[in-house]
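A.B. asks: TSV, C-alpha atoms, file protein37.tsv:
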chain	number	residue	atom	x	y	z
A	25	MET	CA	44.68	1.50	-2.76
A	26	SER	CA	48.05	-0.21	-2.87
A	27	THR	CA	49.60	3.14	-3.83
A	28	LEU	CA	48.44	4.49	-0.49
A	29	ALA	CA	49.84	1.43	1.26
A	30	HIS	CA	53.28	2.10	-0.21
A	31	VAL	CA	53.11	5.81	0.64
A	32	PHE	CA	51.89	5.25	4.19
A	33	GLU	CA	54.54	2.63	4.91
A	34	ALA	CA	57.20	5.02	3.66
A	35	ALA	CA	55.82	7.60	6.10
A	36	GLY	CA	56.29	5.27	9.05
A	37	MET	CA	52.94	3.52	9.44
A	38	SER	CA	52.20	-0.16	9.00
A	39	THR	CA	49.39	-1.03	6.62
A	40	ILE	CA	47.16	-3.95	5.81
A	41	ALA	CA	45.29	-3.72	2.52
A	42	LEU	CA	42.13	-5.75	2.05
A	43	GLY	CA	41.69	-6.65	-1.60
A	44	SER	CA	38.75	-8.19	-3.42
A	45	ILE	CA	40.58	-8.85	-6.70
A	46	ARG	CA	43.41	-11.34	-6.42
A	47	LYS	CA	45.35	-10.29	-9.52
A	48	GLN	CA	45.22	-6.66	-8.46
A	49	ILE	CA	46.52	-7.13	-4.95
A	50	GLU	CA	49.25	-9.43	-6.22
A	51	SER	CA	50.37	-7.18	-9.08
A	52	THR	CA	50.36	-4.04	-6.95
A	53	ALA	CA	52.53	-5.70	-4.30
A	54	ALA	CA	50.88	-4.22	-1.25
A	55	PRO	CA	53.30	-4.42	1.70
A	56	ARG	CA	50.72	-6.51	3.57
A	57	GLY	CA	47.76	-7.68	1.59
A	58	LEU	CA	44.83	-9.91	2.49
A	59	TRP	CA	42.95	-11.13	-0.54
A	60	CYS	CA	39.33	-11.67	0.42
A	61	ASP	CA	37.31	-13.36	-2.29
A	62	PHE	CA	34.24	-11.29	-1.50
A	63	PRO	CA	31.97	-9.35	-3.85
A	64	LEU	CA	33.11	-5.88	-4.82
A	65	GLY	CA	31.82	-3.32	-2.36
A	66	ARG	CA	32.00	-5.65	0.63
A	67	PRO	CA	35.63	-5.77	1.80
A	68	LEU	CA	34.61	-7.06	5.24
A	69	GLY	CA	32.44	-9.70	3.61
A	70	LYS	CA	29.12	-9.95	5.38
A	71	PRO	CA	27.02	-6.94	6.40
A	72	GLY	CA	25.35	-7.38	9.76
A	73	ASP	CA	27.62	-10.27	10.77
A	74	PRO	CA	30.04	-9.00	13.44
A	75	ASP	CA	31.58	-12.44	14.03
A	76	PHE	CA	32.50	-12.82	10.38
A	77	GLN	CA	33.87	-9.29	10.21
A	78	GLN	CA	36.00	-9.98	13.28
A	79	ARG	CA	37.39	-13.10	11.59
A	80	VAL	CA	38.47	-10.95	8.65
A	81	LEU	CA	40.11	-8.43	10.96
A	82	LYS	CA	41.88	-11.18	12.89
A	83	ALA	CA	43.35	-12.52	9.64
A	84	ALA	CA	44.29	-9.00	8.58
A	85	PHE	CA	46.04	-8.05	11.80
A	86	ALA	CA	47.87	-11.37	11.85
A	87	LEU	CA	49.84	-10.09	8.84
A	88	LEU	CA	51.49	-7.56	11.14
A	89	ASP	CA	53.50	-10.45	12.58
A	90	SER	CA	55.29	-10.98	9.27
A	91	PRO	CA	58.86	-9.65	9.20
A	92	GLU	CA	58.61	-8.93	5.49
A	93	PRO	CA	56.01	-8.03	2.83
A	94	VAL	CA	53.28	-10.64	2.67
A	95	ILE	CA	50.16	-11.34	0.65
A	96	THR	CA	47.82	-14.09	1.70
A	97	ALA	CA	44.25	-15.21	1.18
A	98	PHE	CA	41.34	-15.27	3.61
A	99	ASP	CA	40.14	-18.80	4.20
A	100	GLU	CA	36.52	-18.36	3.11
A	101	SER	CA	35.01	-17.09	-0.13
A	102	ILE	CA	31.65	-15.47	-0.68
A	103	PRO	CA	30.53	-16.46	-4.16
A	104	ASP	CA	28.10	-14.56	-6.35
A	105	ASP	CA	26.06	-16.70	-8.71
A	106	GLY	CA	25.32	-13.77	-10.97
A	107	GLU	CA	21.60	-14.34	-10.83
A	108	GLU	CA	20.14	-13.81	-7.36
A	109	MET	CA	17.74	-10.90	-7.37
A	110	LEU	CA	16.27	-9.09	-4.42
A	111	ALA	CA	12.67	-10.14	-3.79
A	112	CYS	CA	11.14	-6.78	-3.12
A	113	PRO	CA	7.56	-5.61	-3.65
A	114	LEU	CA	6.85	-2.72	-5.96
A	115	PRO	CA	4.00	-0.26	-5.47
A	116	PRO	CA	0.81	-0.81	-7.47
A	117	ARG	CA	-0.12	1.67	-10.17
A	118	HIS	CA	-1.59	4.79	-8.60
A	119	ASP	CA	-1.73	7.49	-11.25
A	120	PRO	CA	-2.74	6.01	-14.63
A	121	ASN	CA	-1.78	9.26	-16.32
A	122	ALA	CA	1.83	9.12	-15.15
A	123	HIS	CA	4.57	7.16	-16.90
A	124	PRO	CA	4.90	3.80	-15.07
A	125	ALA	CA	8.46	4.67	-13.97
A	126	ILE	CA	7.39	8.01	-12.54
A	127	ASP	CA	4.39	6.46	-10.80
A	128	GLU	CA	6.65	3.76	-9.38
A	129	ALA	CA	9.24	6.23	-8.07
A	130	ARG	CA	6.59	8.33	-6.40
A	131	GLY	CA	5.10	5.21	-4.85
A	132	LEU	CA	8.43	4.30	-3.28
A	133	ARG	CA	8.89	7.62	-1.52
A	134	ALA	CA	7.59	6.53	1.89
A	135	ALA	CA	9.82	3.46	1.84
A	136	TYR	CA	12.73	5.63	0.74
A	137	ASP	CA	12.24	7.96	3.69
A	138	ARG	CA	12.22	4.98	6.06
A	139	GLY	CA	15.32	3.64	4.36
A	140	VAL	CA	17.19	6.92	4.82
A	141	GLU	CA	16.43	6.74	8.51
A	142	MET	CA	17.63	3.14	8.71
A	143	SER	CA	20.79	3.55	6.65
A	144	LYS	CA	21.56	7.12	7.75
A	145	GLY	CA	21.51	8.09	4.08
A	146	ARG	CA	24.72	6.26	3.25
A	147	ILE	CA	23.77	5.61	-0.40
A	148	ALA	CA	20.70	7.81	-0.66
A	149	ALA	CA	19.83	10.32	-3.33
A	150	GLY	CA	21.17	13.82	-2.88
A	151	ARG	CA	24.61	13.89	-4.38
A	152	VAL	CA	23.26	15.87	-7.32
A	153	VAL	CA	19.54	15.09	-7.26
A	154	GLN	CA	17.48	15.44	-4.10
A	155	ALA	CA	14.77	12.89	-3.40
A	156	ASP	CA	12.01	15.34	-4.34
A	157	ASP	CA	13.57	15.69	-7.78
A	158	ILE	CA	14.11	12.00	-8.56
A	159	PRO	CA	10.91	11.77	-10.68
A	160	ALA	CA	12.09	14.72	-12.77
A	161	ALA	CA	15.47	13.06	-13.27
A	162	ILE	CA	13.73	9.87	-14.39
A	163	GLU	CA	11.66	11.95	-16.83
A	164	ALA	CA	14.90	13.06	-18.49
A	165	PHE	CA	15.96	9.44	-19.01
A	166	ILE	CA	12.48	8.65	-20.37
A	167	ARG	CA	12.90	11.40	-22.94
A	168	ILE	CA	16.25	9.97	-23.99
A	169	ALA	CA	14.81	6.46	-24.24
A	170	GLU	CA	12.11	7.91	-26.50
A	171	GLY	CA	14.69	9.47	-28.80
A	172	THR	CA	15.39	12.98	-27.49
A	173	PRO	CA	19.07	13.87	-27.96
A	174	TRP	CA	20.75	13.05	-24.67
A	175	ASP	CA	22.21	16.53	-24.22
A	176	GLU	CA	18.82	18.15	-24.74
A	177	ALA	CA	16.87	15.90	-22.40
A	178	GLY	CA	17.43	17.90	-19.23
A	179	ILE	CA	19.51	15.46	-17.21
A	180	PRO	CA	20.13	17.47	-14.02
A	181	GLY	CA	23.86	16.78	-13.80
A	182	LEU	CA	26.47	14.35	-15.07
A	183	PRO	CA	24.45	11.34	-16.27
A	184	MET	CA	26.48	8.81	-14.26
A	185	ARG	CA	26.04	10.76	-11.04
A	186	VAL	CA	22.33	11.28	-11.66
A	187	SER	CA	21.86	7.58	-12.34
A	188	GLN	CA	23.68	6.79	-9.08
A	189	ASP	CA	21.23	8.98	-7.19
A	190	VAL	CA	18.29	7.25	-8.87
A	191	ARG	CA	19.78	3.84	-8.11
A	192	GLY	CA	20.48	4.92	-4.53
A	193	TYR	CA	16.90	6.11	-4.16
A	194	TYR	CA	15.57	2.72	-5.23
A	195	GLU	CA	18.04	0.64	-3.24
A	196	THR	CA	17.45	2.70	-0.11
A	197	ALA	CA	13.71	2.14	-0.48
A	198	ALA	CA	14.26	-1.57	-1.09
A	199	LEU	CA	16.37	-1.99	2.05
A	200	ALA	CA	13.54	-0.51	4.10
A	201	MET	CA	11.04	-2.93	2.56
A	202	VAL	CA	13.05	-6.13	2.93
A	203	ASP	CA	14.70	-5.27	6.25
A	204	HIS	CA	17.66	-7.59	5.83
A	205	ALA	CA	21.05	-7.46	4.15
A	206	PRO	CA	20.53	-8.65	0.58
A	207	PRO	CA	23.15	-10.75	-1.16
A	208	ALA	CA	25.67	-8.66	-3.07
A	209	TRP	CA	24.41	-7.39	-6.44
A	210	ALA	CA	20.87	-8.58	-5.69
A	211	GLY	CA	19.76	-4.99	-5.18
A	212	ILE	CA	21.16	-3.66	-8.43
A	213	ARG	CA	19.75	-6.65	-10.34
A	214	TRP	CA	16.35	-5.89	-8.85
A	215	PHE	CA	16.66	-2.24	-9.82
A	216	LEU	CA	17.79	-2.85	-13.39
A	217	ASP	CA	15.70	-5.90	-14.20
A	218	ALA	CA	12.54	-5.64	-12.12
A	219	THR	CA	11.70	-1.97	-11.87
A	220	GLU	CA	10.23	0.30	-14.52
A	221	THR	CA	12.88	2.91	-13.88
A	222	GLY	CA	15.68	0.39	-14.22
A	223	LYS	CA	14.34	-0.63	-17.61
A	224	ILE	CA	14.17	3.04	-18.64
A	225	LEU	CA	17.76	3.58	-17.54
A	226	MET	CA	18.91	0.59	-19.60
A	227	ALA	CA	16.96	1.86	-22.62
A	228	ALA	CA	18.36	5.37	-22.21
A	229	ARG	CA	21.89	3.97	-22.00
A	230	LYS	CA	21.37	2.03	-25.22
A	231	GLU	CA	19.93	5.10	-26.94
A	232	MET	CA	22.82	7.31	-25.78
A	233	GLU	CA	25.26	4.82	-27.25
A	234	ARG	CA	23.26	4.85	-30.50
A	235	GLN	CA	23.37	8.66	-30.47
A	236	GLU	CA	27.16	8.41	-30.14
A	237	ALA	CA	27.27	10.25	-26.82
A	238	PRO	CA	30.76	10.28	-25.30
A	239	GLN	CA	31.39	6.79	-23.95
A	240	PRO	CA	31.72	7.75	-20.25
A	241	MET	CA	28.37	9.52	-20.42
A	242	TRP	CA	26.43	6.33	-21.14
A	243	PHE	CA	28.76	3.52	-20.11
A	244	TYR	CA	28.77	4.35	-16.42
A	245	LEU	CA	24.99	4.58	-16.12
A	246	THR	CA	25.03	0.91	-15.10
A	247	PRO	CA	27.64	-1.68	-14.12
A	248	GLY	CA	30.13	-2.21	-16.91
A	249	ASP	CA	29.10	-5.70	-17.93
A	250	ARG	CA	25.58	-4.60	-18.85
B	957	MET	CA	25.70	-9.72	-14.45
B	958	ALA	CA	28.10	-11.37	-12.03
B	959	ASP	CA	30.72	-10.18	-9.59
B	960	SER	CA	33.37	-12.18	-11.44
B	961	ASP	CA	32.56	-10.36	-14.70
B	962	ILE	CA	33.02	-6.97	-13.07
B	963	LYS	CA	36.29	-8.04	-11.48
B	964	ALA	CA	37.54	-9.22	-14.85
B	965	LEU	CA	37.04	-5.69	-16.22
B	966	THR	CA	39.56	-4.25	-13.78
B	967	GLU	CA	41.93	-6.99	-12.72
B	968	ASN	CA	44.52	-6.21	-15.38
B	969	LEU	CA	44.86	-2.47	-14.75
B	970	PRO	CA	48.54	-1.47	-14.69
B	971	PRO	CA	50.00	-1.56	-11.17
B	972	PRO	CA	51.61	1.44	-9.48
B	973	ASP	CA	55.32	1.75	-10.11
B	974	PHE	CA	57.45	1.53	-6.96
B	975	GLU	CA	61.08	0.46	-7.06
B	976	ASN	CA	60.90	-1.08	-3.61
B	977	THR	CA	58.11	-2.18	-1.34
B	978	ALA	CA	58.19	0.18	1.64
B	979	PHE	CA	57.80	-1.67	4.90
B	980	THR	CA	57.41	-0.37	8.45
B	981	THR	CA	57.57	-2.73	11.39
B	982	PRO	CA	54.61	-1.98	13.66
B	983	PRO	CA	54.61	-1.63	17.44
B	984	PRO	CA	52.87	-4.45	19.31
B	985	LEU	CA	49.22	-4.46	18.18
B	986	ALA	CA	48.02	-4.14	21.76
B	987	GLU	CA	49.84	-0.81	21.91
B	988	ALA	CA	49.04	0.42	18.43
B	989	THR	CA	46.60	3.12	17.39
B	990	VAL	CA	44.64	1.94	14.37
B	991	ALA	CA	42.91	4.02	11.69
B	992	VAL	CA	40.86	3.01	8.67
B	993	VAL	CA	41.65	4.56	5.32
B	994	THR	CA	39.16	3.68	2.64
B	995	THR	CA	39.09	4.36	-1.07
B	996	ALA	CA	35.28	4.37	-1.03
B	997	SER	CA	35.09	8.18	-1.27
B	998	LEU	CA	33.31	8.36	2.06
B	999	HIS	CA	32.60	11.84	3.34
B	1000	HIS	CA	30.41	13.61	5.83
B	1001	PRO	CA	27.28	15.25	4.40
B	1002	ASP	CA	28.71	18.69	5.15
B	1003	GLN	CA	31.98	17.96	3.36
B	1004	GLU	CA	32.57	18.45	-0.34
B	1005	ASP	CA	31.69	15.43	-2.44
B	1006	PHE	CA	34.41	13.79	-4.51
B	1007	ASP	CA	34.72	14.77	-8.16
B	1008	PRO	CA	35.68	12.24	-10.84
B	1009	GLY	CA	39.44	11.95	-10.77
B	1010	ASP	CA	39.56	13.59	-7.35
B	1011	THR	CA	42.92	12.92	-5.71
B	1012	THR	CA	42.25	14.73	-2.45
B	1013	TYR	CA	41.19	13.15	0.83
B	1014	ARG	CA	38.53	13.72	3.45
B	1015	VAL	CA	39.13	13.35	7.18
B	1016	LEU	CA	36.38	11.27	8.79
B	1017	ASP	CA	35.41	11.94	12.39
B	1018	GLY	CA	35.21	8.55	14.06
B	1019	LYS	CA	32.52	9.71	16.47
B	1020	ARG	CA	30.05	10.90	13.83
B	1021	ARG	CA	29.46	7.79	11.75
B	1022	ASP	CA	27.44	9.72	9.15
B	1023	TYR	CA	29.51	8.73	6.16
B	1024	VAL	CA	28.06	9.13	2.68
B	1025	LEU	CA	29.32	6.84	-0.07
B	1026	GLY	CA	30.70	9.11	-2.79
B	1027	HIS	CA	32.43	6.66	-5.11
B	1028	TRP	CA	31.65	7.33	-8.78
B	1029	SER	CA	31.87	3.80	-10.09
B	1030	PRO	CA	28.67	1.77	-10.60
B	1031	ASN	CA	30.78	-1.38	-10.54
B	1032	PHE	CA	30.33	-2.51	-6.97
B	1033	ASP	CA	27.53	-3.50	-4.64
B	1034	ASP	CA	26.56	-0.64	-2.37
B	1035	THR	CA	23.70	-2.22	-0.43
B	1036	GLY	CA	26.05	-3.98	1.97
B	1037	TYR	CA	27.47	-0.64	3.03
B	1038	ALA	CA	24.01	0.91	3.26
B	1039	TYR	CA	22.89	-1.90	5.54
B	1040	ASP	CA	26.00	-1.96	7.73
B	1041	MET	CA	28.79	0.59	7.51
B	1042	ASN	CA	31.18	-1.95	9.03
B	1043	THR	CA	31.13	-3.75	5.70
B	1044	VAL	CA	33.46	-0.98	4.47
B	1045	ILE	CA	34.62	1.00	7.51
B	1046	PRO	CA	34.62	-1.41	10.47
B	1047	LEU	CA	34.78	1.09	13.30
B	1048	ASP	CA	32.37	-0.82	15.54
B	1049	ARG	CA	34.55	-3.90	15.16
B	1050	LEU	CA	37.70	-1.91	15.97
B	1051	ASP	CA	36.01	-0.48	19.07
B	1052	GLU	CA	35.30	-4.05	20.20
B	1053	LEU	CA	38.94	-4.99	19.68
B	1054	ALA	CA	40.09	-1.96	21.66
B	1055	GLU	CA	37.72	-2.80	24.50
B	1056	ARG	CA	39.19	-6.30	24.60
B	1057	GLY	CA	42.74	-4.96	24.53
B	1058	VAL	CA	43.57	-6.62	21.22
B	1059	ILE	CA	44.49	-3.27	19.72
B	1060	GLY	CA	45.81	-0.31	21.68
B	1061	ALA	CA	43.33	2.30	20.51
B	1062	VAL	CA	41.10	3.32	17.64
B	1063	SER	CA	42.09	6.61	16.08
B	1064	ASP	CA	39.63	9.45	16.57
B	1065	GLN	CA	40.03	10.33	12.90
B	1066	HIS	CA	39.99	8.22	9.77
B	1067	MET	CA	40.40	9.06	6.12
B	1068	ALA	CA	38.90	8.52	2.68
B	1069	TYR	CA	40.26	8.84	-0.82
B	1070	ALA	CA	38.59	8.15	-4.15
B	1071	GLY	CA	39.54	4.82	-5.63
B	1072	ASN	CA	39.45	3.78	-9.27
B	1073	GLN	CA	42.07	6.36	-10.23
B	1074	PHE	CA	43.99	6.07	-13.46
B	1075	ASP	CA	46.57	8.80	-12.83
B	1076	LEU	CA	48.21	7.87	-9.55
B	1077	SER	CA	51.07	10.36	-9.65
B	1078	THR	CA	49.33	13.03	-7.57
B	1079	ILE	CA	48.34	10.54	-4.89
B	1080	LYS	CA	51.83	9.09	-4.92
B	1081	MET	CA	53.64	12.43	-4.73
B	1082	ASP	CA	51.22	14.85	-3.08
B	1083	SER	CA	47.93	13.93	-1.44
B	1084	GLY	CA	49.11	10.51	-0.32
B	1085	PRO	CA	52.12	11.82	1.62
B	1086	ALA	CA	50.02	14.71	2.96
B	1087	GLY	CA	47.38	12.31	4.27
B	1088	ALA	CA	50.05	10.05	5.70
B	1089	LYS	CA	51.64	12.94	7.58
B	1090	TRP	CA	48.26	14.02	8.91
B	1091	LEU	CA	47.52	10.52	10.23
B	1092	ARG	CA	51.01	10.13	11.65
B	1093	ASP	CA	50.59	13.44	13.46
B	1094	GLN	CA	47.44	12.00	15.05
B	1095	GLY	CA	49.53	9.17	16.46
B	1096	VAL	CA	48.34	6.49	14.04
B	1097	ASP	CA	50.58	3.42	13.93
B	1098	VAL	CA	48.56	0.97	11.84
B	1099	VAL	CA	46.28	1.66	8.87
B	1100	LEU	CA	43.65	-0.76	7.63
B	1101	LEU	CA	43.00	-0.03	3.95
B	1102	THR	CA	39.61	-0.94	2.55
B	1103	PRO	CA	38.35	-0.69	-1.05
B	1104	VAL	CA	34.90	-1.03	-2.51
Can you give me the file's structure in the form of C-alpha cells?
C.D. replies:
Amino acid sequence: MSTLAHVFEAAGMSTIALGSIRKQIESTAAPRGLWCDFPLGRPLGKPGDPDFQQRVLKAAFALLDSPEPVITAFDESIPDDGEEMLACPLPPRHDPNAHPAIDEARGLRAAYDRGVEMSKGRIAAGRVVQADDIPAAIEAFIRIAEGTPWDEAGIPGLPMRVSQDVRGYYETAALAMVDHAPPAWAGIRWFLDATETGKILMAARKEMERQEAPQPMWFYLTPGDR
Amino acid sequence: MADSDIKALTENLPPPDFENTAFTTPPPLAEATVAVVTTASLHHPDQEDFDPGDTTYRVLDGKRRDYVLGHWSPNFDDTGYAYDMNTVIPLDRLDELAERGVIGAVSDQHMAYAGNQFDLSTIKMDSGPAGAKWLRDQGVDVVLLTPV
C-alpha cells in the first residue's frame, strides 16, 4: 500500500495511508501514515460505529496539515485477545445419512441467503464456488481428510480460493444469525473450531501437508498461524 | 490464533525501495476532492476477480456500493467488512464530511488494487502510475489508502 502512496504523491495527489502494522508503516515510509492498532481487516476500526470511524478519519485528514512526511499513531487501540469466538447456533442434524459437515452446510443455507441480502454478498461464496455447490466443495475436502490424494479429490478450483468461498458461506450465514458486528477474528474462530466443516478443513490441510502438496496449496486454506 | 500472531508473520516483509519520499502539498481540505484507494481487492460483481499476484486495478463506482472482497489472503478478519463496508471503504463517512463542508467533494470513482504483493515493480512502474493518472484526470486531490 505504501508503494501506491509514493506513486500517487509523485503524480500530484496527497495521500494518507492507514496502517494496521506499525513496523510495516514505519519501514515503508508512507508520505503520511496513520498507524491504527486495529485488527487486520478493519482499517477503520469498528464496523457499525460511524462516530468511531469519523474519529479515525479526522486523525487521518489532520496529517494533511503537516508540511513534511509524517507517521503518527491513532490514540485508541482495539485489542484482540486471541480467544473470543462468535456465539452462533448451528443447525441440528437433519439427514443422518449425510456427513455431518455436509448436513451442517445444507442446514445453514437459509441463513446464508439472508446474510447475502444483509451484507450485499460482500464476502459470500461465488468467487469460484457458487452457494449451491458448497456441499460438493466440502465433500472434496472430506475426501482429502480421509486420505484421498489432494489432487484427485475434486477440489473445484484453487484450494485456497475454494476454502475462502466455504469460509465466506459460513461467515455470511453466521452474520445473519447473530445480527451484530462480531469482534474481529471471532467469526473465523467459530468457523474453524466450532463447525464440522471447519474441522474438516483443518484436517484436510494437515493431510495435504502430510501428502507433501505444494506449500501454498495447503498453507493458505486457513490463517497462517494455524 | 490471535491478531498479533498474524501481524508478526508479515511485519518484517522488505519495504519498497524509493530513494526519496514523494510529497505533494494538498489544497485546503474543504476544497479537495477525496477518493479511497484500497488494497482489499474490492471489485464489482460484474468485474473480473483478482488473480493471485494481480497487479492491475479496478475502478469502483461510488454510487453502486456493491463491492465484493476479492483479497486472496486468509490472514485478516473479513466479517467487519461484511457487516459494514465503511470498515474498509468509508464512503458513507466521506459523504457525511462533504455534507458538512469538511471536505470539498467525494470522488465519483474510487479504486482497488490487490495487496499482499511480493513483486512490487509492476505496481511501482506501470499499474500504479496508470491508476494515479486516471484518478488525477477525475480531479482527485487527496487519496485515503486503506488495507485489510
A.B. asks: Between atom CA of B:Pro982 and atom CA of A:Leu68, what is the spacing in Å?
C.D. replies: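 Those two atoms sit 22.3 Å apart.
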A.B. asks: Using atom CA of B:Met1067 and atom CA of B:Arg1014 as the two end points, give the distance in Å to one decimal.
C.D. replies: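 Atom CA of B:Arg1014 lies 5.7 Å from atom CA of B:Met1067.
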A.B. asks: Considering only C-alpha atoms, give me a table of residues in chain B that are at most 6 Å from chain A, with the closest atom pair and distance in Å for each, as a tab-separated table.
C.D. replies:
residue	atom	partner	partner_atom	distance
B:Met957	CA	A:Gly106	CA	5.4
B:Ala958	CA	A:Gly106	CA	3.8
B:Asp959	CA	A:Pro63	CA	5.9
B:Glu967	CA	A:Gln48	CA	5.4
B:Pro971	CA	A:Thr52	CA	4.9
B:Ala978	CA	A:Ala34	CA	5.3
B:Phe979	CA	A:Glu33	CA	5.4
B:Thr980	CA	A:Ser38	CA	5.2
B:Pro982	CA	A:Ser38	CA	5.6
B:Val1024	CA	A:Arg146	CA	4.4
B:Leu1025	CA	A:Ile147	CA	5.7
B:Pro1030	CA	A:Pro247	CA	5.0
B:Asn1031	CA	A:Pro247	CA	4.8
B:Phe1032	CA	A:Leu64	CA	4.9
B:Asp1033	CA	A:Gly65	CA	4.9
B:Asp1034	CA	A:Gly65	CA	5.9
B:Gly1036	CA	A:Pro71	CA	5.4
B:Ala1038	CA	A:Ser143	CA	5.4
B:Tyr1039	CA	A:Ser143	CA	5.9
B:Asp1040	CA	A:Pro71	CA	5.3
B:Thr1043	CA	A:Leu68	CA	4.8
B:Val1044	CA	A:Pro67	CA	5.9
B:Ala1088	CA	A:Phe32	CA	5.4
B:Asp1097	CA	A:Met37	CA	5.1
B:Val1098	CA	A:Ser38	CA	4.8
B:Val1099	CA	A:Thr39	CA	4.7
B:Leu1100	CA	A:Ile40	CA	5.1
B:Leu1101	CA	A:Ala41	CA	4.6
B:Thr1102	CA	A:Leu42	CA	5.5
B:Val1104	CA	A:Gly65	CA	3.8
A.B. asks: Counting only C-alpha atoms, which residues sit no farther than 10 Å from the position (31.7, 10.2, 11.9) in the file's frame? I'd like them as a list in words.
C.D. replies: His999, His1000, Val1015, Leu1016, Asp1017, Gly1018, Lys1019, Arg1020, Arg1021, Asp1022, Tyr1023, Val1024, Leu1047, Asp1064, Gln1065 and His1066 of chain B
A.B. asks: Quick check, in Å to one decimal: how far apart do atom CA of A:Ile102 and atom CA of A:Thr219 lie?
C.D. replies: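 Computed distance, atom CA of A:Ile102 to atom CA of A:Thr219, equals 26.6 Å.
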A.B. asks: I'd like to know which of A:Pro240, A:Ala149, A:Pro183, A:Ala111 is closest to A:Ile168, using all atoms listed in the file.
C.D. replies: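 Using all atoms listed in the file, the shortest distance to A:Ile168 belongs to A:Pro183.
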A.B. asks: Using only C-alpha atoms, which protein or nucleic acid residues come within 12 Å of A:Asp175? Drop anything in the same chain fewer than 2 positions from it, and give the result as a tab-separated table (two decimals) with C-alpha atoms, in the coordinates of the input.
C.D. replies:
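Saved as out.tsv:
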chain	number	residue	atom	x	y	z
A	164	ALA	CA	14.90	13.06	-18.49
A	165	PHE	CA	15.96	9.44	-19.01
A	167	ARG	CA	12.90	11.40	-22.94
A	168	ILE	CA	16.25	9.97	-23.99
A	171	GLY	CA	14.69	9.47	-28.80
A	172	THR	CA	15.39	12.98	-27.49
A	173	PRO	CA	19.07	13.87	-27.96
A	177	ALA	CA	16.87	15.90	-22.40
A	178	GLY	CA	17.43	17.90	-19.23
A	179	ILE	CA	19.51	15.46	-17.21
A	180	PRO	CA	20.13	17.47	-14.02
A	181	GLY	CA	23.86	16.78	-13.80
A	182	LEU	CA	26.47	14.35	-15.07
A	183	PRO	CA	24.45	11.34	-16.27
A	228	ALA	CA	18.36	5.37	-22.21
A	231	GLU	CA	19.93	5.10	-26.94
A	232	MET	CA	22.82	7.31	-25.78
A	235	GLN	CA	23.37	8.66	-30.47
A	236	GLU	CA	27.16	8.41	-30.14
A	237	ALA	CA	27.27	10.25	-26.82
A	238	PRO	CA	30.76	10.28	-25.30
A	241	MET	CA	28.37	9.52	-20.42
A	242	TRP	CA	26.43	6.33	-21.14
A.B. asks: Could you name the residues that touch B:Ser1083 at 12 Å or less, counting all atoms listed in the file, but leaving out those on the same chain fewer than 2 positions away, as an MDAnalysis selection string?
C.D. replies: (chainID A and resid 27:28 31:32) or (chainID B and resid 1010:1014 1067:1070 1076:1081 1085:1090)
A.B. asks: Restricting the calculation to all atoms listed in the file: of A:Phe76, A:Asp99, A:Cys112, A:Val94, which residue gets closest to A:Cys60?
C.D. replies: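 Ranked by minimum distance to A:Cys60, first place goes to A:Asp99.
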A.B. asks: Measuring between only C-alpha atoms, which one of B:Ala986, B:Pro1103, B:Ala1061, B:Trp1028 shows the shortest distance to A:Val186?
C.D. replies: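 Closest to A:Val186, using only C-alpha atoms: B:Trp1028.
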A.B. asks: Which residue gives the smallest distance to B:Leu1091 among B:Asn1072, B:Gly1060, B:Glu975, B:Val990, with only C-alpha atoms counted?
C.D. replies: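 Of B:Asn1072, B:Gly1060, B:Glu975, B:Val990, the one nearest B:Leu1091 is B:Val990, counting only C-alpha atoms.
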A.B. asks: Which of these residues is nearest to A:Asp119, using all atoms listed in the file: A:Val202, A:Gly131, A:Asp157, A:Arg138?
C.D. replies: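 Among the listed residues, the smallest separation from A:Asp119 belongs to A:Gly131.
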A.B. asks: Would you place a box with edges along x, y and z of the file around all atoms of stretch 1076-1095 of chain B listed there, add 6 Å to each of its six sides, and report the centre and edge lengths in Å to one decimal, as lines of an AutoDock Vina configuration file?
C.D. replies:
center_x = 50.5
center_y = 11.4
center_z = 3.4
size_x = 18.3
size_y = 19.0
size_z = 38.1
A.B. asks: Pull out stretch 1002-1013 of chain B, keep C-alpha atoms, and write it as an mmCIF file, in the first residue's frame.
C.D. replies:
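Ended up saving to result_8.cif:
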data_model
loop_
_atom_site.group_PDB
_atom_site.id
_atom_site.type_symbol
_atom_site.label_atom_id
_atom_site.label_comp_id
_atom_site.auth_asym_id
_atom_site.auth_seq_id
_atom_site.Cartn_x
_atom_site.Cartn_y
_atom_site.Cartn_z
ATOM 1 C CA ASP B 1002 -19.569 -7.861 -12.968
ATOM 2 C CA GLN B 1003 -15.853 -7.051 -12.978
ATOM 3 C CA GLU B 1004 -13.089 -9.609 -13.264
ATOM 4 C CA ASP B 1005 -11.948 -11.014 -9.945
ATOM 5 C CA PHE B 1006 -8.334 -10.530 -8.898
ATOM 6 C CA ASP B 1007 -5.879 -13.336 -9.597
ATOM 7 C CA PRO B 1008 -3.060 -14.167 -7.177
ATOM 8 C CA GLY B 1009 -0.250 -11.752 -7.902
ATOM 9 C CA ASP B 1010 -2.611 -9.489 -9.819
ATOM 10 C CA THR B 1011 -1.062 -6.048 -10.219
ATOM 11 C CA THR B 1012 -3.947 -4.422 -12.076
ATOM 12 C CA TYR B 1013 -6.629 -2.211 -10.578
#
